[in-house]
file target.cif (mmCIF, C-alpha atoms)
data_model
#
loop_
_atom_site.label_atom_id
_atom_site.label_comp_id
_atom_site.auth_asym_id
_atom_site.auth_seq_id
_atom_site.Cartn_x
_atom_site.Cartn_y
_atom_site.Cartn_z
CA MET A 173 114.96 81.77 93.95
CA LYS A 174 118.62 81.05 94.09
CA TRP A 175 118.21 77.76 95.97
CA PHE A 176 116.08 76.35 93.14
CA LYS A 177 118.56 77.34 90.43
CA ASN A 178 121.40 75.71 92.36
CA TRP A 179 119.41 72.55 92.95
CA PHE A 180 118.21 72.41 89.35
CA LYS A 181 121.79 72.71 88.07
CA ARG A 182 122.80 69.79 90.31
CA PHE A 183 119.76 67.81 89.15
CA LYS A 184 120.58 68.36 85.46
CA ASN A 185 124.15 67.24 86.01
CA TRP A 186 123.03 64.13 87.88
CA PHE A 187 120.36 63.31 85.30
CA LYS A 188 122.80 63.59 82.37
CA LYS A 189 124.77 60.68 83.75
CA LYS A 190 123.41 57.45 82.37
CA ASP A 191 125.05 55.16 84.88
CA THR A 192 125.25 56.49 88.38
CA THR A 193 126.73 54.81 91.36
CA LYS A 194 124.97 54.36 94.66
CA ASP A 195 127.23 57.02 96.16
CA GLU A 196 126.22 59.46 93.40
CA ASP A 197 122.55 58.65 93.99
CA ASN A 198 123.01 59.25 97.71
CA GLU A 199 124.84 62.47 96.97
CA PHE A 200 121.96 63.60 94.78
CA ALA A 201 119.39 62.70 97.46
CA THR A 202 121.39 64.65 100.03
CA SER A 203 121.65 67.56 97.61
CA LEU A 204 117.89 67.51 97.07
CA GLN A 205 117.18 67.41 100.79
CA GLN A 206 119.59 70.28 101.40
CA ALA A 207 118.00 72.37 98.63
CA LEU A 208 114.53 71.77 100.07
CA GLU A 209 115.71 72.72 103.56
CA GLU A 210 117.23 75.91 102.14
CA ALA A 211 113.95 76.67 100.39
CA LEU A 212 111.91 76.20 103.55
CA GLN A 213 114.34 78.34 105.54
CA SER A 214 114.20 81.06 102.88
CA LEU A 215 110.40 81.05 102.82
CA SER A 216 110.28 81.09 106.60
CA GLU A 217 112.62 84.10 106.73
CA GLU A 218 110.62 85.93 104.06
CA LYS A 219 107.36 85.29 105.93
CA ALA A 220 108.96 86.45 109.19
CA ARG A 221 110.12 89.64 107.45
CA ALA A 222 106.60 90.32 106.13
CA GLU A 223 105.13 89.69 109.59
CA SER A 224 107.72 91.92 111.23
CA LEU A 225 106.82 94.74 108.85
CA PHE A 226 103.12 94.16 109.58
CA TYR A 227 103.67 94.52 113.34
CA LYS A 228 105.86 97.55 112.76
CA GLY A 229 102.84 99.05 110.99
CA VAL A 230 100.53 98.10 113.86
CA ASP A 231 102.88 99.74 116.35
CA ALA A 232 103.23 102.94 114.29
CA TYR A 233 99.47 103.12 113.70
CA SER A 234 98.71 102.70 117.42
CA GLN A 235 101.06 105.63 118.11
CA GLY A 236 99.36 107.78 115.48
CA ASP A 237 102.34 107.75 113.12
CA PHE A 238 100.27 107.01 110.03
CA ARG A 239 103.06 107.68 107.54
CA ALA A 240 105.38 105.16 109.18
CA ALA A 241 102.49 102.69 109.45
CA ARG A 242 101.60 103.19 105.79
CA ASP A 243 105.19 102.62 104.72
CA ALA A 244 105.61 99.51 106.88
CA TRP A 245 102.35 98.03 105.63
CA ALA A 246 103.24 98.87 102.02
CA ASP A 247 106.51 96.97 102.46
CA SER A 248 104.69 94.07 104.12
CA LEU A 249 102.22 93.99 101.22
CA ARG A 250 105.04 93.73 98.69
CA GLU A 251 106.72 90.93 100.66
CA THR A 252 103.46 89.04 101.11
CA GLN A 253 102.42 89.40 97.48
CA ALA A 254 105.79 88.01 96.40
CA LEU A 255 105.35 85.03 98.73
CA ILE A 256 101.86 84.38 97.39
CA ALA A 257 103.19 84.59 93.83
CA ASP A 258 105.71 81.92 94.86
CA GLY A 259 102.86 79.63 95.89
CA ARG A 260 102.16 80.62 99.50
CA ALA A 261 98.37 80.80 99.14
CA ASP A 262 98.12 80.27 102.90
CA LEU A 263 99.10 83.94 103.29
CA ARG A 264 96.02 85.31 101.53
CA LEU A 265 94.31 86.19 104.82
CA PHE A 266 97.48 87.88 106.06
CA LEU A 267 97.49 89.87 102.82
CA ALA A 268 93.90 91.01 103.41
CA LEU A 269 94.65 92.03 107.01
CA THR A 270 97.74 93.93 105.94
CA ARG A 271 95.93 95.68 103.10
CA MET A 272 93.13 96.68 105.49
CA GLY A 273 95.65 98.39 107.77
CA TYR A 274 97.28 100.02 104.77
CA ALA A 275 93.90 101.31 103.56
CA ALA A 276 93.08 102.70 107.01
CA CYS A 277 96.40 104.59 107.03
CA LEU A 278 95.77 106.04 103.61
CA ASP A 279 92.29 107.06 104.77
CA SER A 280 93.71 108.71 107.92
CA LEU A 281 96.31 110.56 105.84
CA GLY A 282 93.63 111.89 103.49
CA GLU A 283 94.93 109.85 100.55
CA LEU A 284 91.35 108.94 99.76
CA GLU A 285 91.64 107.73 96.15
CA ALA A 286 94.43 105.35 97.12
CA ALA A 287 92.45 104.29 100.21
CA ARG A 288 89.41 103.53 98.06
CA THR A 289 91.50 101.30 95.79
CA ALA A 290 93.06 99.53 98.77
CA TYR A 291 89.64 98.97 100.37
CA GLN A 292 88.31 97.59 97.06
CA HIS A 293 91.21 95.13 96.84
CA THR A 294 90.63 94.12 100.46
CA LEU A 295 86.94 93.52 99.76
CA ASP A 296 87.89 91.36 96.77
CA GLU A 297 90.37 89.40 98.89
CA TYR A 298 87.84 88.73 101.65
CA GLN A 299 85.15 87.76 99.13
CA ALA A 300 87.53 85.28 97.49
CA LEU A 301 88.49 83.79 100.86
CA ILE A 302 84.83 83.46 101.83
CA ALA A 303 84.06 81.84 98.45
CA ASP A 304 86.86 79.37 99.22
CA GLY A 305 85.07 78.31 102.40
CA ARG A 306 86.21 80.86 104.98
CA ALA A 307 82.72 81.92 106.11
CA ASP A 308 84.27 82.88 109.46
CA LEU A 309 85.61 85.98 107.69
CA ARG A 310 82.17 87.44 107.00
CA PRO A 311 82.48 89.94 109.90
CA GLU A 312 85.79 91.20 108.48
CA LEU A 313 84.13 91.64 105.09
CA ALA A 314 81.29 93.66 106.65
CA GLY A 315 83.76 95.81 108.61
CA THR A 316 85.89 96.42 105.55
CA ARG A 317 82.81 97.43 103.58
CA MET A 318 81.85 99.85 106.38
CA ASN A 319 85.30 101.49 106.17
CA TYR A 320 85.03 101.55 102.38
CA ALA A 321 81.67 103.33 102.69
CA GLY A 322 83.22 105.91 105.01
CA CYS A 323 85.97 106.53 102.48
CA LEU A 324 83.41 106.99 99.71
CA TYR A 325 81.53 109.44 101.94
CA SER A 326 84.75 111.42 102.51
CA LEU A 327 85.27 111.50 98.75
CA GLY A 328 81.81 113.04 98.37
CA GLU A 329 80.41 109.99 96.58
CA LEU A 330 77.27 109.98 98.68
CA GLU A 331 75.13 107.57 96.66
CA ALA A 332 77.94 105.02 96.41
CA ALA A 333 78.61 105.46 100.14
CA ARG A 334 74.92 104.92 100.96
CA THR A 335 74.88 101.75 98.87
CA ALA A 336 78.04 100.44 100.54
CA TYR A 337 76.69 101.29 104.02
CA GLN A 338 73.45 99.48 103.20
CA HIS A 339 75.34 96.44 101.93
CA SER A 340 77.43 96.42 105.11
CA LEU A 341 74.30 96.71 107.24
CA ASP A 342 72.76 93.79 105.34
CA GLU A 343 75.91 91.74 105.97
CA TYR A 344 75.79 92.52 109.70
CA GLN A 345 72.08 91.67 109.87
CA ALA A 346 72.76 88.33 108.16
CA LEU A 347 75.47 87.61 110.73
CA ILE A 348 73.08 88.41 113.58
CA ALA A 349 70.39 86.22 111.98
CA ASP A 350 72.97 83.41 111.88
CA GLY A 351 73.53 83.82 115.61
CA ARG A 352 76.81 85.70 115.37
CA ALA A 353 77.25 88.19 118.19
CA ASP A 354 80.48 89.64 116.87
#
call {"tool": "encode", "arguments": {"input": "target.cif", "output": "structure tokens"}}
result
Amino acid sequence: MKWFKNWFKRFKNWFKKKDTTKDEDNEFATSLQQALEEALQSLSEEKARAESLFYKGVDAYSQGDFRAARDAWADSLRETQALIADGRADLRLFLALTRMGYAACLDSLGELEAARTAYQHTLDEYQALIADGRADLRPELAGTRMNYAGCLYSLGELEAARTAYQHSLDEYQALIADGRAD
């Protein structure tokens, strides 16, 4: 994060001075504000880039170009993971949605081992979000588990697929019992 390094250098120089003038204090405050604005702009651009890649994947997937969709979603995943590592926890749901699309592409391309791993990560992400209070994501968890079960079935792991299908069915039944029609 170049903006932070620049700001930190200015901060260190300002802080080293024992006696600062009001003009120097104002200059530092302006410098801080400018650095923060640069940071917000940078994060906004990075998020926009990740979202653009996501929608590029959606478009390619809807046209049946699974390789292009996979590549776009893989790039979006990398961008989003970097943003989350920089403290953008608000993008965790976006990460799960992107990974779900990525897993579906891998599944469609017959890259089943990679798809299984991607589905497992997506399940983990949804479970963590639900544990953090996002109960509204329970249908997405059940749907992801259903896709995961289908992948396991395609891999010939019939007992694991049956267990995953049953778990998904239980999740859907719990949603219906809670009055959810979706």
call {"tool": "resolve_selection", "arguments": {"input": "target.cif", "expression": "the PyMOL selection byres ((chain A and resi 296) around 12)", "output": "list in words"}}
result
Arg264, Leu265, Leu267, Ala268, Arg271, Met272, Thr289, Ala290, Tyr291, Gln292, His293, Thr294, Leu295, Glu297, Tyr298, Gln299, Ala300, Leu301, Ile302, Ala303, Glu312, Leu313, Thr316, Arg317 and Tyr320 of chain A
call {"tool": "closest_residue", "arguments": {"input": "target.cif", "among": "A:Glu285, A:Glu217, A:Glu223, A:Asp237", "to": "Thr270 in chain A", "atoms": "all atoms listed in the file"}}
result
A:Glu223
call {"tool": "resolve_selection", "arguments": {"input": "target.cif", "expression": "the PyMOL selection byres ((chain A and resi 240) around 12)", "output": "PyMOL selection string"}}
result
chain A and resi 225-239+241-247+273-274+277-278+281
call {"tool": "atom_distance", "arguments": {"input": "target.cif", "atom1": "CA of His339 in chain A", "atom2": "CA of Leu249 in chain A"}}
result
27.0 Å
call {"tool": "closest_residue", "arguments": {"input": "target.cif", "among": "A:Ala275, A:Ala314, A:Ala257, A:Leu309", "to": "Gln338 in chain A", "atoms": "all atoms listed in the file"}}
result
A:Ala314
call {"tool": "decode", "arguments": {"input": "target.cif", "residues": "range 233-291 of chain A", "atoms": "C-alpha atoms", "output": "mmCIF file, in the first residue's frame"}}
result
data_model
loop_
_atom_site.group_PDB
_atom_site.id
_atom_site.type_symbol
_atom_site.label_atom_id
_atom_site.label_comp_id
_atom_site.auth_asym_id
_atom_site.auth_seq_id
_atom_site.Cartn_x
_atom_site.Cartn_y
_atom_site.Cartn_z
ATOM 1 C CA TYR A 233 -20.803 -18.385 -17.749
ATOM 2 C CA SER A 234 -24.215 -17.360 -19.106
ATOM 3 C CA GLN A 235 -22.801 -17.720 -22.635
ATOM 4 C CA GLY A 236 -21.401 -21.165 -21.855
ATOM 5 C CA ASP A 237 -17.773 -20.028 -22.011
ATOM 6 C CA PHE A 238 -16.758 -21.826 -18.825
ATOM 7 C CA ARG A 239 -13.014 -21.348 -19.299
ATOM 8 C CA ALA A 240 -13.355 -17.570 -19.589
ATOM 9 C CA ALA A 241 -15.751 -17.565 -16.632
ATOM 10 C CA ARG A 242 -13.362 -19.665 -14.562
ATOM 11 C CA ASP A 243 -10.465 -17.349 -15.351
ATOM 12 C CA ALA A 244 -12.457 -14.188 -14.589
ATOM 13 C CA TRP A 245 -13.725 -15.607 -11.301
ATOM 14 C CA ALA A 246 -10.236 -16.811 -10.364
ATOM 15 C CA ASP A 247 -8.943 -13.264 -10.895
ATOM 16 C CA SER A 248 -11.859 -11.832 -8.915
ATOM 17 C CA LEU A 249 -11.118 -14.277 -6.092
ATOM 18 C CA ARG A 250 -7.496 -13.133 -5.922
ATOM 19 C CA GLU A 251 -8.513 -9.464 -5.886
ATOM 20 C CA THR A 252 -11.181 -10.041 -3.240
ATOM 21 C CA GLN A 253 -8.925 -12.129 -1.013
ATOM 22 C CA ALA A 254 -6.304 -9.377 -1.124
ATOM 23 C CA LEU A 255 -8.920 -6.798 -0.130
ATOM 24 C CA ILE A 256 -10.113 -8.975 2.744
ATOM 25 C CA ALA A 257 -6.504 -9.443 3.872
ATOM 26 C CA ASP A 258 -6.268 -5.628 3.919
ATOM 27 C CA GLY A 259 -9.204 -5.487 6.322
ATOM 28 C CA ARG A 260 -12.245 -5.446 4.028
ATOM 29 C CA ALA A 261 -14.223 -8.080 5.952
ATOM 30 C CA ASP A 262 -17.390 -6.635 4.405
ATOM 31 C CA LEU A 263 -16.433 -8.475 1.200
ATOM 32 C CA ARG A 264 -16.679 -11.961 2.716
ATOM 33 C CA LEU A 265 -20.107 -12.587 1.167
ATOM 34 C CA PHE A 266 -18.848 -11.378 -2.205
ATOM 35 C CA LEU A 267 -15.962 -13.832 -1.827
ATOM 36 C CA ALA A 268 -18.380 -16.711 -1.170
ATOM 37 C CA LEU A 269 -20.534 -15.780 -4.176
ATOM 38 C CA THR A 270 -17.491 -15.522 -6.412
ATOM 39 C CA ARG A 271 -16.067 -18.820 -5.199
ATOM 40 C CA MET A 272 -19.433 -20.507 -5.807
ATOM 41 C CA GLY A 273 -19.363 -19.386 -9.443
ATOM 42 C CA TYR A 274 -15.757 -20.485 -9.726
ATOM 43 C CA ALA A 275 -16.621 -23.923 -8.313
ATOM 44 C CA ALA A 276 -19.544 -24.295 -10.724
ATOM 45 C CA CYS A 277 -17.210 -23.526 -13.653
ATOM 46 C CA LEU A 278 -14.675 -26.062 -12.494
ATOM 47 C CA ASP A 279 -17.487 -28.593 -12.122
ATOM 48 C CA SER A 280 -18.775 -27.844 -15.645
ATOM 49 C CA LEU A 281 -15.257 -28.182 -17.057
ATOM 50 C CA GLY A 282 -14.803 -31.575 -15.393
ATOM 51 C CA GLU A 283 -12.116 -30.274 -13.040
ATOM 52 C CA LEU A 284 -13.828 -32.145 -10.240
ATOM 53 C CA GLU A 285 -11.072 -32.277 -7.608
ATOM 54 C CA ALA A 286 -10.572 -28.522 -7.859
ATOM 55 C CA ALA A 287 -14.355 -28.025 -7.839
ATOM 56 C CA ARG A 288 -14.662 -30.100 -4.671
ATOM 57 C CA THR A 289 -12.048 -27.951 -2.940
ATOM 58 C CA ALA A 290 -13.740 -24.745 -4.092
ATOM 59 C CA TYR A 291 -17.144 -25.990 -2.901
#
